[in-house]
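Chemist: Below is a structure I'd like to ask you about.
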Amino acid sequence: MPQTSDSIEHRFIESMGRISRFWGFSKLMGQLYGLLYLTQEPMNLDLMAEGLGVSKGSISTNIRALERLGMVKKVWVKADRKDYYQAETNFMEIVTGILQEREKKEFDNALRTVSECLKEALSFEGSERTDFVKQRLENMQDFFNLIDQTVFSILALLQNQSKPEQ
């Protein structure tokens, strides 16, 4: 039995919700992006809420998060004062936006916390347990520094790729 376009779109939107949740974002963020990605015309909050069957407030919260990540952009629609949105379709721009947003919040906080814990642990006299904790904290700090440097390098590469040739 052949599928209709509606059922294919519904499966895609649900899939985007699952992958979004897998990566630590809300399911609705993924569904919103999926809806906008498969929609030719810009959509306002009312249309998105109707299309996904959720409240306008939930749409508003999640669309702002998608906008911060660079996954959607606000567009102007003539003769309408409502905000309209379209999906960003340049996947390198999306990856860059997500890495910049996630890297700032998550890694800065994790690095700071591990560094503070390690500094405090280093001030204690060495018992077997203290030495074990110090070693584990040093390993974690090295790992987080490696991840931070890797993300920084990837962002630099992506930015260099997106620059027009001279």
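Residues in the structure tokens are numbered from 1 in each chain, the chains being A, B, ... in the order shown, and ligands are numbered from 1 in the order shown.
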Output as a count of residues only all residues of chain A that backbone DSSP marks as alpha helix (DSSP H).
Modeler: 112
Chemist: Do you know which residues are at most 7 Å from Met71 of chain A counting only C-alpha atoms, after dropping those on the same chain fewer than 4 positions away, and could you put them as a ChimeraX atom specification?
Modeler: /A:66-67,87-88,94
Chemist: Taking into account only C-alpha atoms, which residue in the set A:Tyr84, A:Glu120, A:Phe91, A:Glu14 is nearest to Glu41 of chain A?
Modeler: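 Nearest to Glu41 of chain A: A:Tyr84.
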Chemist: Using only C-alpha atoms, which residues sit within 12 Å of Pro42 of chain A once same-chain residues fewer than 3 positions away are excluded, as a short mmCIF file (atom, residue, chain, number, x, y, z; two decimals) with C-alpha atoms, in the first residue's frame?
Modeler:
```cif
data_model
loop_
_atom_site.label_atom_id
_atom_site.label_comp_id
_atom_site.auth_asym_id
_atom_site.auth_seq_id
_atom_site.Cartn_x
_atom_site.Cartn_y
_atom_site.Cartn_z
CA LEU A 35 7.92 20.78 10.01
CA LEU A 36 9.67 23.95 8.83
CA TYR A 37 12.18 21.98 6.75
CA LEU A 38 9.36 20.34 4.78
CA THR A 39 7.37 23.56 4.39
CA LEU A 45 3.55 30.39 15.55
CA ASP A 46 -0.16 29.76 15.02
CA LEU A 47 0.45 27.65 11.92
CA MET A 48 3.20 25.67 13.67
CA VAL A 72 15.66 28.53 11.91
CA LYS A 73 15.57 32.14 10.87
CA LYS A 74 12.94 34.81 11.24
CA VAL A 75 11.69 36.14 7.91
CA TRP A 76 9.54 39.09 6.95
CA VAL A 77 6.16 38.50 5.33
CA LYS A 78 4.60 41.47 3.55
CA ASP A 80 1.61 40.72 8.22
CA LYS A 82 3.35 38.28 12.95
CA ASP A 83 6.78 36.67 13.12
CA TYR A 84 7.38 34.04 10.47
CA TYR A 85 10.12 31.43 10.38
CA GLN A 86 11.91 29.22 7.88
CA ALA A 87 14.28 26.32 8.41
CA GLU A 88 17.98 26.89 7.80
#
```
Chemist: Pull the strand (DSSP E) assignments for chain A out of DSSP run on the backbone, and list those residues as an MDAnalysis selection string.
Modeler: chainID A and resid 43:44 72:75 84:87
Chemist: Just checking: using only C-alpha atoms, which residue out of A:Gly97, A:Asn90, A:Gln135, A:Ser123 ends up closest to Leu69 of chain A?
Modeler: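 Of all the options, A:Gly97 lies closest to Leu69 of chain A.
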Chemist: Taking only C-alpha atoms into account, which of A:Thr61, A:Arg112, A:Gly126, A:Gln161 comes nearest Met140 of chain A?
Modeler: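 For Met140 of chain A, the nearest of the candidates is A:Arg112.
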Chemist: Using only C-alpha atoms for the distances, tell me which of A:Met29, A:Val95, A:Leu146, A:Ala156 is nearest to Leu111 of chain A.
Modeler: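 Among A:Met29, A:Val95, A:Leu146, A:Ala156, it is A:Leu146 that comes nearest to Leu111 of chain A.
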Chemist: So what do you get for atom CA of Arg64 of chain A versus atom CA of Lys27 of chain A, distance-wise?
Modeler: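 Computing the Euclidean distance for atom CA of Arg64 of chain A and atom CA of Lys27 of chain A yields 14.5 Å.
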Chemist: Rounded to one decimal in Å, what is the spacing between atom CA of Asp148 of chain A and atom CA of Ala110 of chain A?
Modeler: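 Straight-line distance from atom CA of Asp148 of chain A to atom CA of Ala110 of chain A works out to 10.3 Å.
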Chemist: Could you tell me how far atom CA of Ile154 of chain A lies from atom CA of Leu99 of chain A, in Å and to one decimal?
Modeler: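 Calculated distance between atom CA of Ile154 of chain A and atom CA of Leu99 of chain A is 8.8 Å.
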Chemist: Within 9 Å of segment 16-23 of chain A, which residues of segment 29-137 of chain A come that close, and what is the closest atom pair and distance in Å for each? Count only C-alpha atoms and give it as a Markdown table.
Modeler:
```
| residue | atom | partner | partner_atom | distance |
| --- | --- | --- | --- | --- |
| A:Met29 | CA | A:Ser20 | CA | 6.8 |
| A:Gly30 | CA | A:Gly17 | CA | 4.1 |
| A:Gln31 | CA | A:Gly17 | CA | 4.6 |
| A:Leu32 | CA | A:Gly17 | CA | 8.1 |
| A:Tyr33 | CA | A:Met16 | CA | 7.5 |
| A:Gly34 | CA | A:Met16 | CA | 5.8 |
```
Chemist: Save out the residues we just selected, N, CA and C atoms, as a tab-separated table (two decimals), in the first residue's frame.
Modeler:
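As a result, part-v6.tsv now contains:
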```tsv
chain	number	residue	atom	x	y	z
A	29	MET	N	11.57	20.55	19.62
A	29	MET	CA	12.52	21.31	18.78
A	29	MET	C	12.77	20.57	17.47
A	30	GLY	N	12.99	19.27	17.56
A	30	GLY	CA	13.22	18.48	16.36
A	30	GLY	C	11.99	18.44	15.46
A	31	GLN	N	10.83	18.29	16.07
A	31	GLN	CA	9.60	18.26	15.29
A	31	GLN	C	9.37	19.60	14.58
A	32	LEU	N	9.63	20.68	15.29
A	32	LEU	CA	9.48	22.01	14.69
A	32	LEU	C	10.41	22.18	13.50
A	33	TYR	N	11.66	21.79	13.69
A	33	TYR	CA	12.61	21.91	12.59
A	33	TYR	C	12.14	21.04	11.41
A	34	GLY	N	11.69	19.83	11.69
A	34	GLY	CA	11.20	18.95	10.63
A	34	GLY	C	10.02	19.56	9.89
```
